[in-house]
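In what follows, a single structure is set out as structure tokens and then discussed.
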Amino acid sequence: MFEIEQFCADCRQAMKETDQERAVRDVVTRAVADPAALMRDIGEPDRAGVFTLHRSDDLTVLNLIWGPEMTLLPHDHRMWAVIGIYTGREENTFYRRSEEDGLTKLGLKIMDAKDCSYLGETAIHKVYNPLTKLTGGLHVYGGDFFGTPRSEWDPESFEEMAYDVDKNVGLFELSNKRMEELKRGAAD
Ligand SMILES: [Fe+2]
């Protein structure tokens with residue numbers, strides 16, 4: 001059974017381990033190993049959104065639900081992150097900073113339900129939900145996700161910009177509007 005307070009306590013314990021990367025990933029892997037049990041606690045996704053399950057100075061836990069075919073610009077977090085998918089699919093394109101080009105592409109990682117990834121403090125990724133349905137994941141960050149300034153990059157020019165939390169949260173609402181319009185269109 002998943003329980004958010006216990007999950008946060010387990011994450012905090014894992015953060016003290018020598019191999020923090022493996023320890024935190026193990027905690028999140030366990031949480032998404034049984035998607036049905038997880039969804040009994042946090043609910044089944046019915047709309048795109050950034051739903052905060054826990055927020056403190058050293059730990060943020062988000063139930064992040066991507067809308068159909070939704071994408072986010074390349075961005076960094078300035079803190080470690082663990083992503084565990086419990087329904088749908090998430091495509092991550094990883095980059096690193098580059099003197100000449102702004103960003104250099106490192107590779108692609110496709111995550112399905114029950115998959116879990118650890119991202120180090122300097123990781124930069126672009127996220128895409130390739131499905132025409134919602135994708136849900138637990139996103140765990142080793143800090144205050146909303147209160148930490150970070151960067152995002154133009155997807156074409158790779159020009160670095162300040163990450164705009166409000167703009168990015170707005171993209172989820174835009175996705176919900178689109179879904180409603182499509183549903184209305186199908187009903188007509
Ligand atoms: Fe991210």
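Starting from 1 in every chain, residues are counted up; chains themselves are A, B, ... following the order of the structure tokens, and ligands are numbered from 1 as listed.
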Exercise for the section: Dump the neighbourhood of ligand 1 as a list of chain:residue names: all residues within 8 Å, distances computed on only C-alpha atoms and all ligand atoms. Expected result: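 After applying the 8 Å limit, what remains is A:His75, A:Asp76, A:His77, A:Ala81, A:Ile124, A:His125, A:Lys126, A:Val127.
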Produce a file of the selected residues containing N, CA and C atoms, as a short mmCIF file (atom, residue, chain, number, x, y, z; two decimals), in the first residue's frame.
data_model
loop_
_atom_site.label_atom_id
_atom_site.label_comp_id
_atom_site.auth_asym_id
_atom_site.auth_seq_id
_atom_site.Cartn_x
_atom_site.Cartn_y
_atom_site.Cartn_z
N HIS A 75 15.05 21.69 -19.95
CA HIS A 75 15.20 22.46 -18.70
C HIS A 75 16.10 21.69 -17.74
N ASP A 76 16.62 22.41 -16.76
CA ASP A 76 17.37 21.74 -15.69
C ASP A 76 16.58 21.86 -14.38
N HIS A 77 17.08 21.25 -13.31
CA HIS A 77 16.38 21.30 -12.02
C HIS A 77 17.24 21.90 -10.91
N ALA A 81 16.80 14.53 -9.17
CA ALA A 81 15.39 14.22 -9.39
C ALA A 81 15.25 12.74 -9.69
N ILE A 124 19.92 17.93 -17.80
CA ILE A 124 19.04 18.80 -18.60
C ILE A 124 18.21 17.86 -19.47
N HIS A 125 16.89 18.01 -19.42
CA HIS A 125 16.08 17.13 -20.26
C HIS A 125 14.87 17.85 -20.86
N LYS A 126 14.45 17.30 -22.00
CA LYS A 126 13.20 17.72 -22.63
C LYS A 126 12.25 16.55 -22.44
N VAL A 127 10.99 16.81 -22.14
CA VAL A 127 10.05 15.73 -21.86
C VAL A 127 8.90 15.77 -22.87
#
Exercise for the section: With a distance cut-off of 12 Å and only C-alpha atoms, select the neighbouring residues of Ile42 (chain A), excluding the residue or stretch itself and same-chain residues fewer than 5 positions from it, and output the selection as JSON, numbers by chain. Expected result: {"A": [1, 2, 3, 4, 31, 32, 35, 36, 37, 51, 52, 53, 61, 62, 63, 64, 65, 86, 136, 137, 138]}
Same residues, C-alpha atoms, output as a PDB file, in the first residue's frame:
ATOM      1  CA  MET A   1       0.000   0.000   0.000  1.00  0.00           C
ATOM      2  CA  PHE A   2       1.305   3.468  -0.902  1.00  0.00           C
ATOM      3  CA  GLU A   3       1.136   6.195   1.731  1.00  0.00           C
ATOM      4  CA  ILE A   4       2.597   9.630   1.015  1.00  0.00           C
ATOM      5  CA  ALA A  31       6.229   2.951  -5.266  1.00  0.00           C
ATOM      6  CA  VAL A  32       5.546   2.579  -9.014  1.00  0.00           C
ATOM      7  CA  PRO A  35       0.541   1.186 -10.275  1.00  0.00           C
ATOM      8  CA  ALA A  36      -2.943   0.043  -9.183  1.00  0.00           C
ATOM      9  CA  ALA A  37      -2.024   0.312  -5.482  1.00  0.00           C
ATOM     10  CA  PHE A  51      -0.158  18.081  -8.298  1.00  0.00           C
ATOM     11  CA  THR A  52       1.997  18.667  -5.234  1.00  0.00           C
ATOM     12  CA  LEU A  53       1.954  15.758  -2.787  1.00  0.00           C
ATOM     13  CA  VAL A  61       7.042  15.146  -4.420  1.00  0.00           C
ATOM     14  CA  LEU A  62       4.833  15.793  -7.424  1.00  0.00           C
ATOM     15  CA  ASN A  63       2.159  13.711  -9.054  1.00  0.00           C
ATOM     16  CA  LEU A  64       2.846  14.971 -12.548  1.00  0.00           C
ATOM     17  CA  ILE A  65       0.322  14.167 -15.238  1.00  0.00           C
ATOM     18  CA  TYR A  86       2.931   4.604 -13.173  1.00  0.00           C
ATOM     19  CA  GLY A 136       1.254   9.865 -14.893  1.00  0.00           C
ATOM     20  CA  GLY A 137       4.474   9.836 -12.895  1.00  0.00           C
ATOM     21  CA  LEU A 138       5.833  10.461  -9.443  1.00  0.00           C
TER      22      LEU A 138
END
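With only C-alpha atoms taken into account, the protein and nucleic acid residues at most 8 Å from Asp112 (chain A) (excluding it and anything under 2 positions from it in its own chain) are Ile85, Tyr86, Thr87, Gly88, Arg89, Glu90, Ile110, Lys114 and Asp115 of chain A.
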Problem - Atomic separation - CA of Gly142 (chain A) relative to CA of Arg78 (chain A), Å - result: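 Between these atoms lies a distance of 9.2 Å.
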Handout entry: Secondary structure check, strand (DSSP E) residues of region 30-165 of chain A, as a ChimeraX atom specification
Key = /A:49-55,60-66,71-76,81-87,89-98,102-112,116-119,124-128,135-141,151-153,160-162
Keeping only C-alpha atoms, take the residues you just selected and write them out as a tab-separated table (two decimals), in the first residue's frame.
chain	number	residue	atom	x	y	z
A	49	GLY	CA	-1.49	18.92	-14.07
A	50	VAL	CA	1.30	19.39	-11.55
A	51	PHE	CA	-0.16	18.08	-8.30
A	52	THR	CA	2.00	18.67	-5.23
A	53	LEU	CA	1.95	15.76	-2.79
A	54	HIS	CA	4.73	17.19	-0.59
A	55	ARG	CA	6.78	20.39	-0.57
A	60	THR	CA	9.35	17.95	-3.29
A	61	VAL	CA	7.04	15.15	-4.42
A	62	LEU	CA	4.83	15.79	-7.42
A	63	ASN	CA	2.16	13.71	-9.05
A	64	LEU	CA	2.85	14.97	-12.55
A	65	ILE	CA	0.32	14.17	-15.24
A	66	TRP	CA	1.24	14.91	-18.84
A	71	THR	CA	6.00	18.49	-24.36
A	72	LEU	CA	8.21	20.67	-22.15
A	73	LEU	CA	11.25	22.64	-23.32
A	74	PRO	CA	14.71	21.43	-22.33
A	75	HIS	CA	15.20	22.46	-18.70
A	76	ASP	CA	17.37	21.74	-15.69
A	81	ALA	CA	15.39	14.22	-9.39
A	82	VAL	CA	13.83	10.79	-9.63
A	83	ILE	CA	11.02	10.09	-12.07
A	84	GLY	CA	8.87	6.97	-11.74
A	85	ILE	CA	6.13	6.36	-14.29
A	86	TYR	CA	2.93	4.60	-13.17
A	87	THR	CA	0.83	4.94	-16.32
A	89	ARG	CA	4.87	6.77	-21.45
A	90	GLU	CA	7.41	9.57	-21.08
A	91	GLU	CA	10.17	10.31	-23.59
A	92	ASN	CA	13.19	12.08	-22.14
A	93	THR	CA	15.80	13.69	-24.38
A	94	PHE	CA	18.93	14.44	-22.40
A	95	TYR	CA	21.38	17.26	-23.09
A	96	ARG	CA	24.48	18.78	-21.63
A	97	ARG	CA	25.66	22.38	-21.74
A	98	SER	CA	27.88	23.20	-24.68
A	102	GLY	CA	24.18	26.13	-25.91
A	103	LEU	CA	23.20	22.45	-25.61
A	104	THR	CA	24.47	19.15	-27.01
A	105	LYS	CA	22.09	16.20	-27.26
A	106	LEU	CA	23.20	13.19	-25.23
A	107	GLY	CA	20.47	10.65	-25.92
A	108	LEU	CA	16.88	9.54	-25.57
A	109	LYS	CA	15.27	7.49	-22.81
A	110	ILE	CA	11.77	6.12	-23.16
A	111	MET	CA	10.02	5.33	-19.89
A	112	ASP	CA	6.91	3.18	-19.53
A	116	CYS	CA	12.27	4.77	-12.91
A	117	SER	CA	15.16	7.18	-13.65
A	118	TYR	CA	17.58	9.16	-11.52
A	119	LEU	CA	18.68	12.58	-12.82
A	124	ILE	CA	19.04	18.80	-18.60
A	125	HIS	CA	16.08	17.13	-20.26
A	126	LYS	CA	13.20	17.72	-22.63
A	127	VAL	CA	10.05	15.73	-21.86
A	128	TYR	CA	7.42	14.48	-24.29
A	135	THR	CA	0.84	9.86	-18.67
A	136	GLY	CA	1.25	9.87	-14.89
A	137	GLY	CA	4.47	9.84	-12.90
A	138	LEU	CA	5.83	10.46	-9.44
A	139	HIS	CA	8.50	13.18	-9.67
A	140	VAL	CA	10.71	13.46	-6.61
A	141	TYR	CA	13.19	16.33	-6.22
A	151	SER	CA	16.91	27.46	-16.72
A	152	GLU	CA	15.08	26.34	-19.79
A	153	TRP	CA	16.30	26.46	-23.38
A	160	GLU	CA	19.19	29.71	-22.30
A	161	MET	CA	16.33	31.49	-20.50
A	162	ALA	CA	15.01	31.70	-16.95
